[in-house]
$ cat target_7.tsv   # TSV, C-alpha atoms
chain	number	residue	atom	x	y	z
A	17	MET	CA	-8.32	42.73	10.25
A	18	THR	CA	-5.57	43.73	12.56
A	19	GLY	CA	-4.59	43.20	16.15
A	20	GLY	CA	-5.02	40.31	18.57
A	21	ASN	CA	-4.74	36.80	17.21
A	22	ASN	CA	-6.36	37.69	13.94
A	23	LEU	CA	-4.56	36.96	10.74
A	24	TRP	CA	-5.40	38.91	7.66
A	25	CYS	CA	-4.30	37.47	4.40
A	26	HIS	CA	-4.97	38.16	0.82
A	27	ILE	CA	-4.37	35.38	-1.68
A	28	ASN	CA	-4.50	35.97	-5.37
A	29	ILE	CA	-4.03	32.90	-7.55
A	30	ARG	CA	-3.85	33.28	-11.29
A	31	LYS	CA	-3.28	30.39	-13.68
A	32	ASN	CA	-1.49	31.07	-16.93
A	33	PHE	CA	-1.02	28.54	-19.71
A	34	LEU	CA	2.41	28.88	-21.28
A	35	HIS	CA	3.23	27.61	-24.76
A	36	CYS	CA	4.07	24.23	-23.26
A	37	LYS	CA	0.66	24.15	-21.52
A	38	LEU	CA	2.19	23.74	-18.06
A	39	ILE	CA	0.20	25.58	-15.45
A	40	HIS	CA	2.16	28.08	-13.46
A	41	CYS	CA	0.46	29.63	-10.49
A	42	TYR	CA	1.46	33.08	-9.42
A	43	ILE	CA	0.55	33.59	-5.82
A	44	ASN	CA	0.64	36.92	-4.06
A	45	PHE	CA	0.41	36.85	-0.30
A	46	VAL	CA	0.02	39.81	1.98
A	47	PHE	CA	0.23	38.79	5.62
A	48	PHE	CA	0.11	40.73	8.83
A	49	HIS	CA	1.07	38.79	11.99
A	50	ARG	CA	2.15	35.17	12.36
A	51	PRO	CA	4.95	34.72	9.81
A	52	SER	CA	4.82	30.96	10.48
A	53	SER	CA	1.40	30.89	8.78
A	54	PHE	CA	3.05	32.15	5.61
A	55	GLN	CA	5.47	29.20	5.65
A	56	LYS	CA	2.68	26.68	6.28
A	57	LEU	CA	0.50	28.12	3.52
A	58	THR	CA	3.29	28.29	0.95
A	59	SER	CA	4.26	24.72	1.83
A	60	MET	CA	0.66	23.53	1.35
A	61	CYS	CA	0.38	25.42	-1.94
A	62	HIS	CA	3.67	24.01	-3.21
A	63	THR	CA	2.52	20.47	-2.37
A	64	ALA	CA	-0.81	20.97	-4.16
A	65	ILE	CA	0.92	22.31	-7.26
A	66	SER	CA	3.75	19.76	-7.34
A	67	ASP	CA	1.66	16.65	-6.52
A	68	LEU	CA	-0.11	15.95	-9.80
A	69	SER	CA	-2.47	13.47	-8.14
A	70	LEU	CA	-4.08	16.36	-6.21
A	71	GLN	CA	-4.93	18.24	-9.41
A	72	LYS	CA	-8.01	17.83	-11.61
A	73	CYS	CA	-8.03	17.23	-15.36
A	74	VAL	CA	-9.40	20.17	-17.35
A	75	PRO	CA	-11.74	19.80	-20.35
A	76	CYS	CA	-9.92	18.92	-23.56
A	77	ASN	CA	-12.35	20.63	-25.93
A	78	ARG	CA	-10.62	24.02	-26.07
A	79	LYS	CA	-9.72	25.17	-29.58
A	80	ASP	CA	-6.32	26.49	-28.43
A	81	LEU	CA	-5.27	23.10	-27.03
A	82	SER	CA	-2.00	21.86	-28.47
A	83	PRO	CA	0.35	19.05	-27.45
A	84	MET	CA	3.33	19.83	-25.24
A	85	THR	CA	6.84	19.48	-26.56
A	86	GLU	CA	9.04	16.53	-25.67
A	87	GLY	CA	11.12	18.89	-23.54
A	88	SER	CA	8.07	19.94	-21.53
A	89	ALA	CA	7.07	16.28	-21.12
A	90	ASN	CA	10.56	15.50	-19.81
A	91	VAL	CA	10.11	18.18	-17.14
A	92	LEU	CA	6.96	16.45	-15.78
A	93	LYS	CA	8.21	12.88	-16.30
A	94	PRO	CA	10.06	12.63	-12.91
A	95	LYS	CA	6.70	13.10	-11.16
A	96	ILE	CA	5.51	9.78	-12.63
A	97	PRO	CA	8.69	7.66	-12.62
A	98	GLU	CA	6.97	4.33	-13.38
A	99	TRP	CA	5.66	5.60	-16.72
A	100	GLU	CA	7.53	5.64	-20.04
A	101	LEU	CA	7.48	8.46	-22.55
A	102	LEU	CA	6.66	6.87	-25.89
A	103	ASN	CA	6.89	8.41	-29.36
A	104	ASP	CA	4.35	6.53	-31.46
A	105	GLY	CA	4.68	7.79	-35.03
A	106	GLY	CA	5.25	11.36	-33.91
A	107	VAL	CA	2.58	11.25	-31.18
A	108	MET	CA	3.96	11.49	-27.65
A	109	LYS	CA	2.23	9.16	-25.17
A	110	LEU	CA	2.64	7.89	-21.63
A	111	CYS	CA	2.80	4.13	-21.25
A	112	ARG	CA	2.92	1.78	-18.28
A	113	LYS	CA	2.72	-2.03	-18.06
A	114	TRP	CA	1.69	-4.42	-15.29
A	115	LYS	CA	1.30	-8.18	-14.95
A	116	VAL	CA	-1.89	-9.27	-13.20
A	117	LYS	CA	-2.53	-12.59	-11.49
A	118	ASN	CA	-5.24	-13.71	-13.91
A	119	PHE	CA	-7.52	-12.59	-16.73
A	120	LEU	CA	-10.50	-11.66	-14.52
A	121	LEU	CA	-8.29	-9.53	-12.27
A	122	GLY	CA	-7.08	-7.76	-15.42
A	123	LEU	CA	-10.68	-6.85	-16.23
A	124	GLU	CA	-11.27	-5.67	-12.65
A	125	PHE	CA	-8.05	-3.62	-12.89
A	126	PHE	CA	-9.52	-1.91	-15.97
A	127	LYS	CA	-12.79	-1.22	-14.16
A	128	ILE	CA	-10.95	0.65	-11.41
A	129	VAL	CA	-9.02	2.69	-13.99
A	130	ALA	CA	-12.22	3.30	-16.00
A	131	ASP	CA	-14.04	4.67	-12.94
A	132	LEU	CA	-11.16	7.08	-12.27
A	133	ALA	CA	-10.94	8.10	-15.94
A	134	GLU	CA	-14.66	8.78	-16.09
A	135	SER	CA	-14.52	10.94	-12.96
A	136	GLU	CA	-11.65	12.94	-14.49
A	137	GLY	CA	-13.23	13.17	-17.94
A	138	HIS	CA	-9.97	11.92	-19.45
A	139	HIS	CA	-9.82	8.43	-20.94
A	140	PRO	CA	-6.72	6.28	-21.55
A	141	ASP	CA	-6.28	3.39	-23.94
A	142	LEU	CA	-6.45	0.10	-22.02
A	143	HIS	CA	-4.86	-3.10	-23.37
A	144	LEU	CA	-5.09	-6.64	-21.98
A	145	VAL	CA	-2.71	-8.75	-24.05
A	146	GLY	CA	-2.47	-12.47	-23.51
A	147	TRP	CA	-4.23	-13.37	-20.32
A	148	ASN	CA	-2.31	-11.21	-17.81
A	149	ASN	CA	-0.38	-8.37	-19.50
A	150	VAL	CA	-1.98	-4.99	-18.83
A	151	THR	CA	-0.82	-1.86	-20.65
A	152	ILE	CA	-2.19	1.64	-20.31
A	153	GLU	CA	-1.39	4.36	-22.83
A	154	ILE	CA	-2.37	7.94	-22.12
A	155	TRP	CA	-2.39	10.93	-24.42
A	156	THR	CA	-4.84	13.67	-25.25
A	157	HIS	CA	-6.64	12.44	-28.34
A	158	ALA	CA	-8.18	15.88	-28.98
A	159	CYS	CA	-4.78	17.44	-29.71
A	160	GLY	CA	-2.83	14.38	-30.81
A	161	GLY	CA	-0.20	14.42	-28.07
A	162	LEU	CA	0.54	14.98	-24.41
A	163	THR	CA	-0.98	17.63	-22.15
A	164	GLU	CA	-0.76	18.14	-18.41
A	165	ASN	CA	-4.02	16.15	-18.10
A	166	ASP	CA	-2.14	13.01	-19.14
A	167	PHE	CA	0.39	13.42	-16.35
A	168	ILE	CA	-2.38	14.15	-13.82
A	169	LEU	CA	-4.25	10.97	-14.81
A	170	ALA	CA	-1.04	8.89	-14.70
A	171	ALA	CA	-0.28	10.20	-11.18
A	172	LYS	CA	-3.81	9.35	-10.06
A	173	ILE	CA	-3.58	5.85	-11.56
A	174	ASP	CA	-0.34	5.34	-9.62
A	175	LYS	CA	-2.27	6.00	-6.38
A	176	LEU	CA	-4.91	3.33	-7.06
A	177	PRO	CA	-4.86	0.20	-4.81
A	178	PHE	CA	-3.71	-2.45	-7.31
A	179	GLU	CA	-1.40	-4.56	-5.12
A	180	SER	CA	-3.79	-7.50	-4.74
A	181	TYR	CA	-4.30	-7.68	-8.54
A	182	LEU	CA	-0.64	-7.84	-9.48
A	183	LYS	CA	1.55	-10.87	-10.03
A	184	ARG	CA	4.56	-10.85	-7.74
A	185	SER	CA	8.01	-10.63	-9.30
A	186	LYS	CA	10.22	-13.66	-8.72

$ encode --input "target_7.tsv" --output "structure tokens"
Amino acid sequence: MTGGNNLWCHINIRKNFLHCKLIHCYINFVFFHRPSSFQKLTSMCHTAISDLSLQKCVPCNRKDLSPMTEGSANVLKPKIPEWELLNDGGVMKLCRKWKVKNFLLGLEFFKIVADLAESEGHHPDLHLVGWNNVTIEIWTHACGGLTENDFILAAKIDKLPFESYLKRSK
């Protein structure tokens, strides 16, 4: 389409899995008219790619699935600053801890996480230690280490409305 207020654009998005299993999108844009639309679209695309919570976990049953390196994990780690990278006997995991107000709220906390995990098809290990210490560990069991799915799930967990469940720091 050309002329008038029409905008013609061609978008070609290809996802490639590199050895570290990070998804890199190569986007080719061809625009005629309205250069400001190019800036808006590239900004929206950059946000969608960089905000892990907007992404969807992919199935973990691929035969070529392998865990990412510690270096690759360290690249994604700043996107989920509340989480720790943990090396558990050679298996890289993500770990985060919370203190809840009481035991029943800890169980409700887990229910919210479980609903999210089920919708993503990616399931963390949930621990309720003592009566109010909640720990979540995430790694891709199918490959024995971390994949981008783990970071996506951690980012989504961070967006959940947990404030009313948590014990306030003194």

$ residues_around --input "target_7.tsv" --residues "Lys93 (chain A)" --least-positions-apart "4" --cutoff "12 Å" --atoms "all atoms listed in the file" --output "PyMOL selection string"
chain A and resi 68+86-89+97-102+109-111+162-164+166-168+170-171

$ atom_distance --input "target_7.tsv" --atom1 "CA of Glu134 (chain A)" --atom2 "CA of Asn77 (chain A)"
15.6 Å

$ atom_distance --input "target_7.tsv" --atom1 "CA of Ile128 (chain A)" --atom2 "CA of Trp114 (chain A)"
14.2 Å

$ atom_distance --input "target_7.tsv" --atom1 "CA of Ile154 (chain A)" --atom2 "CA of Leu169 (chain A)"
8.1 Å

$ closest_residue --input "target_7.tsv" --among "A:Asn165, A:Gln71, A:Thr156, A:Asn148" --to "Glu124 (chain A)" --atoms "all atoms listed in the file"
A:Asn148

$ closest_residue --input "target_7.tsv" --among "A:Lys175, A:Phe126, A:Leu120, A:Arg112" --to "Thr151 (chain A)" --atoms "all atoms listed in the file"
A:Arg112

$ residues_around --input "target_7.tsv" --residues "Leu123 (chain A)" --least-positions-apart "3" --cutoff "12 Å" --atoms "all atoms listed in the file" --output "list in words"
Val116, Lys117, Asn118, Phe119, Leu120, Phe126, Lys127, Ile128, Val129, Ala130, Leu142, His143, Leu144, Val145, Trp147, Asn148, Asn149, Val150, Thr151 and Tyr181 of chain A

$ closest_residue --input "target_7.tsv" --among "A:Asp80, A:Gly122, A:His139, A:Ser69" --to "Lys95 (chain A)" --atoms "only C-alpha atoms"
A:Ser69

$ closest_residue --input "target_7.tsv" --among "A:Gly105, A:Ile152, A:Leu132, A:Lys115" --to "Leu176 (chain A)" --atoms "only C-alpha atoms"
A:Leu132

$ residues_near_point --input "target_7.tsv" --point "(-5.7, 7.5, -22.0)" --cutoff "7 Å" --atoms "only C-alpha atoms" --output "ChimeraX atom specification"
/A:138-141,153-155

$ residues_near_point --input "target_7.tsv" --point "(-14.1, 14.1, -13.9)" --cutoff "9 Å" --atoms "all atoms listed in the file" --output "NGL selection string"
:A and (72-75 or 132-138)
